[in-house]
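*Asks:* What follows is protein34.txt, compact mmCIF, N, CA and C atoms.
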```txt
# COMPACT_ATOMS: atom_id res chain seq x y z
N MET U 1 16.96 -4.77 6.93
CA MET U 1 16.05 -4.20 5.95
C MET U 1 15.54 -5.32 5.06
N ILE U 2 14.26 -5.23 4.73
CA ILE U 2 13.68 -6.21 3.81
C ILE U 2 13.22 -5.50 2.54
N THR U 3 13.14 -6.28 1.47
CA THR U 3 12.56 -5.82 0.22
C THR U 3 11.53 -6.86 -0.21
N VAL U 4 10.35 -6.37 -0.52
CA VAL U 4 9.26 -7.23 -0.97
C VAL U 4 8.77 -6.71 -2.30
N GLU U 5 8.63 -7.59 -3.28
CA GLU U 5 8.11 -7.21 -4.59
C GLU U 5 6.99 -8.17 -4.97
N ILE U 6 5.88 -7.60 -5.41
CA ILE U 6 4.73 -8.41 -5.80
C ILE U 6 4.15 -7.84 -7.08
N GLN U 7 3.79 -8.74 -8.00
CA GLN U 7 3.13 -8.35 -9.23
C GLN U 7 1.76 -9.04 -9.27
N MET U 8 0.81 -8.32 -9.84
CA MET U 8 -0.53 -8.88 -9.99
C MET U 8 -1.21 -8.17 -11.15
N GLU U 9 -2.04 -8.91 -11.86
CA GLU U 9 -2.83 -8.30 -12.92
C GLU U 9 -4.29 -8.25 -12.48
N ILE U 10 -4.92 -7.11 -12.75
CA ILE U 10 -6.33 -6.90 -12.42
C ILE U 10 -7.06 -6.49 -13.68
N GLU U 11 -8.20 -7.11 -13.92
CA GLU U 11 -8.99 -6.81 -15.12
C GLU U 11 -9.80 -5.54 -14.92
N ALA U 12 -9.09 -4.42 -15.03
CA ALA U 12 -9.70 -3.09 -14.92
C ALA U 12 -8.71 -2.09 -15.50
N PRO U 13 -9.20 -0.94 -15.97
CA PRO U 13 -8.30 0.07 -16.52
C PRO U 13 -7.34 0.61 -15.45
N PRO U 14 -6.15 1.07 -15.86
CA PRO U 14 -5.19 1.61 -14.91
C PRO U 14 -5.77 2.71 -14.01
N GLU U 15 -6.63 3.57 -14.56
CA GLU U 15 -7.20 4.66 -13.77
C GLU U 15 -8.00 4.12 -12.58
N THR U 16 -8.78 3.07 -12.81
CA THR U 16 -9.60 2.47 -11.75
C THR U 16 -8.71 1.86 -10.67
N VAL U 17 -7.72 1.09 -11.08
CA VAL U 17 -6.83 0.42 -10.13
C VAL U 17 -6.01 1.47 -9.38
N PHE U 18 -5.48 2.43 -10.10
CA PHE U 18 -4.66 3.49 -9.48
C PHE U 18 -5.46 4.24 -8.42
N ASP U 19 -6.68 4.66 -8.77
CA ASP U 19 -7.48 5.47 -7.86
C ASP U 19 -7.77 4.74 -6.54
N LEU U 20 -7.91 3.44 -6.58
CA LEU U 20 -8.19 2.68 -5.36
C LEU U 20 -6.93 2.30 -4.59
N LEU U 21 -5.85 2.01 -5.28
CA LEU U 21 -4.63 1.57 -4.61
C LEU U 21 -3.73 2.73 -4.21
N ALA U 22 -3.61 3.74 -5.06
CA ALA U 22 -2.69 4.83 -4.78
C ALA U 22 -3.21 5.79 -3.72
N ASP U 23 -4.52 5.90 -3.58
CA ASP U 23 -5.12 6.81 -2.60
C ASP U 23 -5.41 6.03 -1.32
N HIS U 24 -4.56 6.19 -0.32
CA HIS U 24 -4.71 5.40 0.92
C HIS U 24 -6.03 5.69 1.63
N THR U 25 -6.66 6.83 1.38
CA THR U 25 -7.93 7.13 2.05
C THR U 25 -9.06 6.24 1.53
N LYS U 26 -8.83 5.56 0.41
CA LYS U 26 -9.83 4.63 -0.14
C LYS U 26 -9.58 3.18 0.30
N HIS U 27 -8.47 2.91 0.94
CA HIS U 27 -8.15 1.53 1.36
C HIS U 27 -9.18 0.91 2.29
N PRO U 28 -9.81 1.66 3.22
CA PRO U 28 -10.83 1.02 4.06
C PRO U 28 -12.00 0.44 3.27
N LEU U 29 -12.20 0.88 2.03
CA LEU U 29 -13.26 0.33 1.19
C LEU U 29 -13.00 -1.13 0.82
N TRP U 30 -11.75 -1.50 0.67
CA TRP U 30 -11.44 -2.83 0.14
C TRP U 30 -10.39 -3.62 0.92
N ASP U 31 -9.57 -2.95 1.73
CA ASP U 31 -8.49 -3.63 2.45
C ASP U 31 -9.02 -4.18 3.77
N PRO U 32 -9.03 -5.49 3.97
CA PRO U 32 -9.61 -6.07 5.18
C PRO U 32 -8.86 -5.72 6.47
N HIS U 33 -7.65 -5.20 6.36
CA HIS U 33 -6.85 -4.84 7.53
C HIS U 33 -6.96 -3.36 7.90
N MET U 34 -7.44 -2.55 6.96
CA MET U 34 -7.44 -1.10 7.15
C MET U 34 -8.69 -0.64 7.89
N ILE U 35 -8.48 0.04 9.00
CA ILE U 35 -9.59 0.55 9.81
C ILE U 35 -9.94 1.98 9.41
N ASP U 36 -8.90 2.81 9.19
CA ASP U 36 -9.12 4.22 8.88
C ASP U 36 -7.92 4.77 8.13
N ALA U 37 -8.14 5.83 7.38
CA ALA U 37 -7.06 6.50 6.66
C ALA U 37 -7.48 7.94 6.40
N LYS U 38 -6.57 8.88 6.65
CA LYS U 38 -6.88 10.30 6.49
C LYS U 38 -5.68 11.03 5.90
N LEU U 39 -5.98 12.14 5.26
CA LEU U 39 -4.94 13.06 4.80
C LEU U 39 -4.75 14.16 5.82
N TYR U 40 -3.49 14.59 6.02
CA TYR U 40 -3.20 15.77 6.83
C TYR U 40 -3.23 17.01 5.95
N THR U 41 -2.85 16.83 4.69
CA THR U 41 -2.73 17.96 3.77
C THR U 41 -4.06 18.22 3.07
N GLU U 42 -4.26 19.44 2.64
CA GLU U 42 -5.50 19.86 1.97
C GLU U 42 -5.51 19.42 0.51
N GLY U 43 -6.72 19.26 -0.01
CA GLY U 43 -6.91 18.99 -1.43
C GLY U 43 -6.65 17.55 -1.82
N PRO U 44 -6.65 17.29 -3.12
CA PRO U 44 -6.41 15.92 -3.60
C PRO U 44 -4.96 15.50 -3.36
N ILE U 45 -4.73 14.19 -3.39
CA ILE U 45 -3.38 13.66 -3.19
C ILE U 45 -2.48 14.11 -4.34
N LYS U 46 -1.27 14.51 -3.97
CA LYS U 46 -0.27 14.96 -4.95
C LYS U 46 1.11 14.76 -4.32
N ASN U 47 2.15 15.05 -5.07
CA ASN U 47 3.50 14.99 -4.50
C ASN U 47 3.53 15.87 -3.26
N GLY U 48 4.04 15.33 -2.16
CA GLY U 48 4.13 16.09 -0.93
C GLY U 48 2.97 15.88 0.03
N SER U 49 1.91 15.21 -0.40
CA SER U 49 0.78 14.95 0.49
C SER U 49 1.21 14.04 1.64
N LYS U 50 0.58 14.24 2.81
CA LYS U 50 0.88 13.43 4.00
C LYS U 50 -0.41 12.96 4.63
N GLY U 51 -0.34 11.81 5.30
CA GLY U 51 -1.52 11.27 5.94
C GLY U 51 -1.20 10.24 6.98
N ILE U 52 -2.24 9.59 7.46
CA ILE U 52 -2.12 8.55 8.47
C ILE U 52 -3.04 7.39 8.11
N THR U 53 -2.60 6.18 8.41
CA THR U 53 -3.46 5.01 8.27
C THR U 53 -3.52 4.30 9.61
N VAL U 54 -4.65 3.65 9.85
CA VAL U 54 -4.82 2.83 11.04
C VAL U 54 -5.26 1.46 10.56
N ALA U 55 -4.46 0.46 10.88
CA ALA U 55 -4.74 -0.91 10.43
C ALA U 55 -4.72 -1.84 11.64
N GLU U 56 -5.29 -3.02 11.42
CA GLU U 56 -5.17 -4.07 12.43
C GLU U 56 -4.20 -5.10 11.87
N TRP U 57 -3.16 -5.40 12.63
CA TRP U 57 -2.14 -6.33 12.19
C TRP U 57 -1.86 -7.30 13.33
N ARG U 58 -2.15 -8.56 13.10
CA ARG U 58 -1.93 -9.62 14.09
C ARG U 58 -2.60 -9.29 15.42
N GLY U 59 -3.82 -8.74 15.32
CA GLY U 59 -4.59 -8.43 16.51
C GLY U 59 -4.22 -7.12 17.19
N ARG U 60 -3.29 -6.37 16.62
CA ARG U 60 -2.85 -5.09 17.19
C ARG U 60 -3.24 -3.94 16.29
N ARG U 61 -3.56 -2.83 16.89
CA ARG U 61 -3.84 -1.60 16.16
C ARG U 61 -2.49 -0.97 15.79
N LEU U 62 -2.33 -0.63 14.52
CA LEU U 62 -1.06 -0.11 14.03
C LEU U 62 -1.30 1.19 13.27
N GLU U 63 -0.76 2.29 13.80
CA GLU U 63 -0.86 3.58 13.12
C GLU U 63 0.41 3.81 12.32
N SER U 64 0.25 4.32 11.10
CA SER U 64 1.40 4.61 10.24
C SER U 64 1.26 6.00 9.65
N ASP U 65 2.34 6.75 9.68
CA ASP U 65 2.40 8.03 8.98
C ASP U 65 2.92 7.76 7.59
N ILE U 66 2.28 8.38 6.60
CA ILE U 66 2.71 8.16 5.22
C ILE U 66 2.88 9.50 4.51
N TYR U 67 3.68 9.48 3.47
CA TYR U 67 3.82 10.66 2.61
C TYR U 67 3.99 10.19 1.18
N TYR U 68 3.62 11.04 0.26
CA TYR U 68 3.75 10.77 -1.17
C TYR U 68 4.89 11.61 -1.72
N ASP U 69 5.84 10.97 -2.41
CA ASP U 69 6.91 11.75 -3.03
C ASP U 69 6.87 11.68 -4.55
N ALA U 70 6.01 10.83 -5.09
CA ALA U 70 5.77 10.80 -6.54
C ALA U 70 4.34 10.33 -6.76
N TYR U 71 3.62 11.08 -7.56
CA TYR U 71 2.21 10.77 -7.79
C TYR U 71 1.89 11.17 -9.23
N ASP U 72 1.88 10.18 -10.12
CA ASP U 72 1.66 10.43 -11.54
C ASP U 72 0.51 9.53 -12.02
N ARG U 73 -0.72 9.99 -11.82
CA ARG U 73 -1.90 9.22 -12.17
C ARG U 73 -1.96 9.03 -13.68
N PRO U 74 -2.22 7.84 -14.16
CA PRO U 74 -2.44 6.55 -13.54
C PRO U 74 -1.24 5.62 -13.68
N LYS U 75 -0.03 6.18 -13.69
CA LYS U 75 1.16 5.37 -13.99
C LYS U 75 1.97 4.93 -12.77
N TRP U 76 2.10 5.81 -11.78
CA TRP U 76 3.13 5.60 -10.78
C TRP U 76 2.79 6.31 -9.48
N VAL U 77 3.07 5.68 -8.35
CA VAL U 77 2.98 6.34 -7.05
C VAL U 77 4.08 5.79 -6.17
N SER U 78 4.66 6.67 -5.35
CA SER U 78 5.64 6.21 -4.36
C SER U 78 5.59 7.13 -3.15
N GLY U 79 6.09 6.58 -2.06
CA GLY U 79 6.11 7.37 -0.84
C GLY U 79 6.75 6.62 0.28
N GLY U 80 6.70 7.23 1.45
CA GLY U 80 7.33 6.65 2.62
C GLY U 80 6.33 6.33 3.71
N ILE U 81 6.79 5.52 4.65
CA ILE U 81 5.95 5.09 5.75
C ILE U 81 6.81 4.90 6.99
N THR U 82 6.26 5.32 8.13
CA THR U 82 6.82 4.97 9.44
C THR U 82 5.64 4.52 10.28
N SER U 83 5.87 3.59 11.19
CA SER U 83 4.75 3.11 12.00
C SER U 83 5.16 2.93 13.45
N SER U 84 4.18 3.04 14.30
CA SER U 84 4.42 2.93 15.74
C SER U 84 4.94 1.54 16.10
N GLY U 85 6.17 1.50 16.56
CA GLY U 85 6.70 0.27 17.11
C GLY U 85 7.25 -0.74 16.13
N ILE U 86 7.03 -0.57 14.83
CA ILE U 86 7.47 -1.61 13.91
C ILE U 86 8.42 -1.07 12.84
N ILE U 87 7.93 -0.21 11.96
CA ILE U 87 8.73 0.26 10.83
C ILE U 87 9.42 1.57 11.17
N LYS U 88 10.76 1.56 11.16
CA LYS U 88 11.54 2.78 11.38
C LYS U 88 11.38 3.68 10.17
N LYS U 89 11.59 3.12 9.01
CA LYS U 89 11.32 3.85 7.77
C LYS U 89 11.08 2.85 6.66
N GLY U 90 10.18 3.21 5.77
CA GLY U 90 9.87 2.34 4.65
C GLY U 90 9.63 3.17 3.40
N LYS U 91 9.81 2.53 2.28
CA LYS U 91 9.60 3.16 0.98
C LYS U 91 8.73 2.21 0.17
N MET U 92 7.59 2.71 -0.28
CA MET U 92 6.69 1.92 -1.13
C MET U 92 6.60 2.57 -2.50
N THR U 93 6.62 1.72 -3.52
CA THR U 93 6.41 2.19 -4.89
C THR U 93 5.43 1.25 -5.58
N CYS U 94 4.68 1.81 -6.49
CA CYS U 94 3.74 1.00 -7.25
C CYS U 94 3.63 1.55 -8.65
N GLU U 95 3.82 0.66 -9.61
CA GLU U 95 3.72 1.00 -11.03
C GLU U 95 2.48 0.33 -11.59
N PHE U 96 1.75 1.04 -12.44
CA PHE U 96 0.51 0.56 -13.04
C PHE U 96 0.72 0.51 -14.55
N ILE U 97 0.74 -0.71 -15.11
CA ILE U 97 1.06 -0.89 -16.53
C ILE U 97 -0.17 -1.40 -17.27
N PRO U 98 -0.62 -0.66 -18.30
CA PRO U 98 -1.77 -1.15 -19.07
C PRO U 98 -1.42 -2.47 -19.76
N THR U 99 -2.36 -3.41 -19.75
CA THR U 99 -2.20 -4.68 -20.44
C THR U 99 -3.42 -4.91 -21.32
N GLU U 100 -3.37 -5.96 -22.09
CA GLU U 100 -4.49 -6.32 -22.95
C GLU U 100 -5.76 -6.57 -22.14
N ASN U 101 -5.60 -7.11 -20.94
CA ASN U 101 -6.76 -7.46 -20.11
C ASN U 101 -7.04 -6.50 -18.97
N GLY U 102 -6.23 -5.47 -18.79
CA GLY U 102 -6.46 -4.54 -17.69
C GLY U 102 -5.20 -3.83 -17.26
N THR U 103 -4.76 -4.12 -16.04
CA THR U 103 -3.61 -3.42 -15.45
C THR U 103 -2.72 -4.39 -14.70
N LYS U 104 -1.43 -4.31 -14.98
CA LYS U 104 -0.44 -5.05 -14.20
C LYS U 104 0.09 -4.10 -13.14
N ILE U 105 0.10 -4.58 -11.88
CA ILE U 105 0.62 -3.82 -10.76
C ILE U 105 1.99 -4.38 -10.40
N ASN U 106 2.99 -3.51 -10.30
CA ASN U 106 4.29 -3.86 -9.75
C ASN U 106 4.42 -3.10 -8.44
N TRP U 107 4.30 -3.81 -7.32
CA TRP U 107 4.32 -3.19 -5.99
C TRP U 107 5.62 -3.57 -5.30
N ARG U 108 6.24 -2.60 -4.62
CA ARG U 108 7.53 -2.84 -3.95
C ARG U 108 7.56 -2.12 -2.60
N LEU U 109 8.10 -2.80 -1.60
CA LEU U 109 8.30 -2.22 -0.28
C LEU U 109 9.73 -2.49 0.15
N GLU U 110 10.39 -1.45 0.63
CA GLU U 110 11.67 -1.59 1.32
C GLU U 110 11.42 -1.05 2.72
N ALA U 111 11.72 -1.85 3.74
CA ALA U 111 11.42 -1.44 5.11
C ALA U 111 12.57 -1.76 6.05
N GLU U 112 12.86 -0.78 6.91
CA GLU U 112 13.83 -0.95 7.98
C GLU U 112 13.04 -0.95 9.28
N PHE U 113 13.27 -1.95 10.11
CA PHE U 113 12.48 -2.12 11.32
C PHE U 113 13.16 -1.52 12.54
N LYS U 114 12.34 -1.30 13.58
CA LYS U 114 12.81 -0.72 14.84
C LYS U 114 13.21 -1.82 15.82
N GLY U 115 14.23 -1.52 16.63
CA GLY U 115 14.60 -2.34 17.78
C GLY U 115 14.57 -3.84 17.57
N PHE U 116 13.85 -4.51 18.46
CA PHE U 116 13.74 -5.96 18.47
C PHE U 116 13.19 -6.51 17.16
N MET U 117 12.35 -5.73 16.49
CA MET U 117 11.73 -6.19 15.24
C MET U 117 12.79 -6.48 14.16
N ARG U 118 13.95 -5.85 14.26
CA ARG U 118 15.02 -6.13 13.28
C ARG U 118 15.44 -7.59 13.32
N LEU U 119 15.36 -8.21 14.49
CA LEU U 119 15.73 -9.62 14.62
C LEU U 119 14.72 -10.53 13.94
N LEU U 120 13.54 -10.02 13.71
CA LEU U 120 12.47 -10.82 13.11
C LEU U 120 12.30 -10.56 11.61
N GLU U 121 13.29 -9.98 10.96
CA GLU U 121 13.14 -9.61 9.55
C GLU U 121 12.71 -10.76 8.65
N PRO U 122 13.26 -11.97 8.76
CA PRO U 122 12.79 -13.04 7.88
C PRO U 122 11.29 -13.32 8.06
N PHE U 123 10.85 -13.33 9.30
CA PHE U 123 9.42 -13.51 9.58
C PHE U 123 8.61 -12.33 9.05
N MET U 124 9.12 -11.12 9.25
CA MET U 124 8.40 -9.92 8.80
C MET U 124 8.28 -9.90 7.28
N LYS U 125 9.31 -10.37 6.59
CA LYS U 125 9.26 -10.40 5.13
C LYS U 125 8.18 -11.37 4.65
N SER U 126 8.17 -12.57 5.21
CA SER U 126 7.16 -13.54 4.76
C SER U 126 5.76 -13.07 5.13
N THR U 127 5.62 -12.41 6.27
CA THR U 127 4.31 -11.87 6.68
C THR U 127 3.89 -10.75 5.74
N ALA U 128 4.82 -9.88 5.38
CA ALA U 128 4.50 -8.77 4.47
C ALA U 128 4.08 -9.29 3.10
N ILE U 129 4.74 -10.31 2.60
CA ILE U 129 4.38 -10.90 1.31
C ILE U 129 2.97 -11.47 1.38
N LYS U 130 2.70 -12.25 2.41
CA LYS U 130 1.38 -12.87 2.56
C LYS U 130 0.29 -11.81 2.67
N GLN U 131 0.52 -10.81 3.51
CA GLN U 131 -0.50 -9.78 3.73
C GLN U 131 -0.73 -8.94 2.47
N ARG U 132 0.34 -8.58 1.76
CA ARG U 132 0.14 -7.75 0.57
C ARG U 132 -0.57 -8.53 -0.53
N LYS U 133 -0.24 -9.81 -0.68
CA LYS U 133 -0.97 -10.63 -1.66
C LYS U 133 -2.45 -10.70 -1.30
N GLU U 134 -2.72 -10.87 -0.01
CA GLU U 134 -4.10 -10.93 0.47
C GLU U 134 -4.83 -9.61 0.18
N THR U 135 -4.18 -8.48 0.44
CA THR U 135 -4.85 -7.20 0.22
C THR U 135 -5.03 -6.91 -1.27
N LEU U 136 -4.07 -7.30 -2.10
CA LEU U 136 -4.24 -7.10 -3.55
C LEU U 136 -5.35 -7.99 -4.09
N GLU U 137 -5.49 -9.19 -3.56
CA GLU U 137 -6.62 -10.05 -3.95
C GLU U 137 -7.94 -9.41 -3.52
N ALA U 138 -7.96 -8.78 -2.34
CA ALA U 138 -9.16 -8.09 -1.87
C ALA U 138 -9.48 -6.91 -2.79
N LEU U 139 -8.46 -6.20 -3.25
CA LEU U 139 -8.68 -5.11 -4.21
C LEU U 139 -9.27 -5.65 -5.51
N LYS U 140 -8.71 -6.73 -5.99
CA LYS U 140 -9.19 -7.38 -7.21
C LYS U 140 -10.66 -7.79 -7.06
N ASP U 141 -11.00 -8.39 -5.94
CA ASP U 141 -12.39 -8.79 -5.67
C ASP U 141 -13.31 -7.57 -5.60
N TYR U 142 -12.86 -6.51 -4.94
CA TYR U 142 -13.66 -5.29 -4.82
C TYR U 142 -13.96 -4.70 -6.19
N ILE U 143 -12.93 -4.63 -7.04
CA ILE U 143 -13.12 -4.07 -8.38
C ILE U 143 -14.07 -4.95 -9.19
N THR U 144 -13.91 -6.25 -9.11
CA THR U 144 -14.77 -7.17 -9.84
C THR U 144 -16.24 -7.02 -9.41
N LYS U 145 -16.48 -6.91 -8.12
CA LYS U 145 -17.85 -6.79 -7.59
C LYS U 145 -18.47 -5.42 -7.87
N ASN U 146 -17.66 -4.41 -8.11
CA ASN U 146 -18.17 -3.06 -8.26
C ASN U 146 -18.00 -2.50 -9.68
N LYS U 147 -17.91 -3.39 -10.65
CA LYS U 147 -17.79 -2.94 -12.05
C LYS U 147 -19.07 -2.31 -12.52
```
How would this structure read if it were set down as structure tokens?
*Replies:*
Amino acid sequence: MITVEIQMEIEAPPETVFDLLADHTKHPLWDPHMIDAKLYTEGPIKNGSKGITVAEWRGRRLESDIYYDAYDRPKWVSGGITSSGIIKKGKMTCEFIPTENGTKINWRLEAEFKGFMRLLEPFMKSTAIKQRKETLEALKDYITKNK
């Protein structure tokens, strides 16, 4: 199992950052790896909502089932993830803290991998850190360009 924690500050109100990061259906707008994202459940995202994401990772198409177990706009979101062939189970949490200049994001992932992928955990951790930093920078750029 790996644990990844990343912090970043974005010059935008918590509501703006939360709405783009916490709602996975908006990730294709700004995440360079995300191809598609949908909800299975009706209505707006809330505790108990479920969905699917489709991303490209290292040249492979990766589908992930996700669920939300805590959704408190604009402060906090958490949920779980499983993905085809890679993640057996994962837990993601994100806290949005108002700052003088915008919003500080505290993002955390705990992931347990499937089969052979467990042997690659050190590599998977460094890859996850790099990719999440890249996607958070893409979010920051998107918000800056669309103010």
*Asks:* Could you pull the residues within 12 Å of U:Ala128, counting only C-alpha atoms, minus those fewer than 6 positions along the same chain, as a ChimeraX atom specification?
*Replies:* /U:2-6,57-58,87,107-111,120-122,134-136
*Asks:* Distance atom CA of U:Ile97-atom CA of U:Ile129, one decimal place?
*Replies:*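 Spanning atom CA of U:Ile97 to atom CA of U:Ile129 is a straight-line distance of 20.7 Å.
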*Asks:* Between U:Glu100, U:Glu112, U:Glu95, U:Asp65, single out the one closest to U:Thr82, counting all atoms listed in the file.
*Replies:*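 When distances to U:Thr82 are compared using all atoms listed in the file, the smallest one comes from U:Asp65.
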*Asks:* Residues of chain U classed as strand (DSSP E) by DSSP on the backbone are to be reported as a PyMOL selection string.
*Replies:* chain U and resi 2-10+34-39+50-57+60-72+76-83+87-98+103-113
*Asks:* For a test of reading the model, state the distance in Å between atom CA of U:Ile81 and atom CA of U:Leu29, rounded to one decimal.
*Replies:*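 Straight-line distance from atom CA of U:Ile81 to atom CA of U:Leu29 works out to 20.3 Å.
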*Asks:* Kindly give the distance, in Å, that separates atom CA of U:Thr25 and atom CA of U:Ile45, rounded to a single decimal.
*Replies:*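 Separation of atom CA of U:Thr25 and atom CA of U:Ile45: 9.5 Å.
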*Asks:* Considering all atoms listed in the file, give me a table of residues in stretch 6-119 of chain U that are at most 8 Å from stretch 141-146 of chain U, with the closest atom pair and distance in Å for each, as a Markdown table.
*Replies:*
```
| residue | atom | partner | partner_atom | distance |
| --- | --- | --- | --- | --- |
| U:Glu11 | C | U:Thr144 | N | 7.2 |
| U:Ala12 | CA | U:Ile143 | C | 7.4 |
| U:Thr16 | C | U:Ile143 | CA | 7.7 |
| U:Val17 | CA | U:Ile143 | CA | 7.9 |
| U:Leu29 | C | U:Tyr142 | CA | 7.0 |
| U:Trp30 | CA | U:Tyr142 | CA | 6.0 |
```
*Asks:* Enumerate, as a list in words, the protein, DNA and RNA residues whose atoms approach (-4.5, 0.1, 12.1) to within 8 Å, taking into account all atoms listed in the file and the coordinate frame of the file.
*Replies:*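 Protein, DNA and RNA residues close to (-4.5, 0.1, 12.1): His33, Met34, Ile35, Asp36, Thr53, Val54, Ala55, Glu56, Trp57, Arg60, Arg61, Leu62, Glu63 and Ser64 of chain U.
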*Asks:* Measuring between all atoms listed in the file, which one of U:Asp31, U:Asp69, U:Asp19, U:Glu9 shows the shortest distance to U:Asn47?
*Replies:*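 Checking each of U:Asp31, U:Asp69, U:Asp19, U:Glu9 against U:Asn47, counting all atoms listed in the file, the winner is U:Asp69.
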*Asks:* Residues at most 6 Å from U:Pro13, counting only N, CA and C atoms, excluding those fewer than 4 positions away in the same chain, as an mmCIF file with N, CA and C atoms, keeping the file's coordinate frame?
*Replies:*
```
data_model
loop_
_atom_site.group_PDB
_atom_site.id
_atom_site.type_symbol
_atom_site.label_atom_id
_atom_site.label_comp_id
_atom_site.auth_asym_id
_atom_site.auth_seq_id
_atom_site.Cartn_x
_atom_site.Cartn_y
_atom_site.Cartn_z
ATOM 1 N N VAL U 17 -7.720 1.090 -11.080
ATOM 2 C CA VAL U 17 -6.830 0.420 -10.130
ATOM 3 C C VAL U 17 -6.010 1.470 -9.380
ATOM 4 N N PHE U 18 -5.480 2.430 -10.100
ATOM 5 C CA PHE U 18 -4.660 3.490 -9.480
ATOM 6 C C PHE U 18 -5.460 4.240 -8.420
ATOM 7 N N GLY U 102 -6.230 -5.470 -18.790
ATOM 8 C CA GLY U 102 -6.460 -4.540 -17.690
ATOM 9 C C GLY U 102 -5.200 -3.830 -17.260
ATOM 10 N N THR U 103 -4.760 -4.120 -16.040
ATOM 11 C CA THR U 103 -3.610 -3.420 -15.450
ATOM 12 C C THR U 103 -2.720 -4.390 -14.700
#
```
*Asks:* Residues within 6.5 Å of U:Gly80, please, as a VMD selection string. Count all atoms listed in the file; anything in the same chain fewer than 4 positions from it doesn't count.
*Replies:* chain U and resid 65 to 69 90 to 92
*Asks:* Could you go through stretch 5-147 of chain U and tell me which residues DSSP, when run on the backbone, assigns to alpha helix (DSSP H), listing them as an MDAnalysis selection string?
*Replies:* chainID U and resid 14:21 27:30 121:145
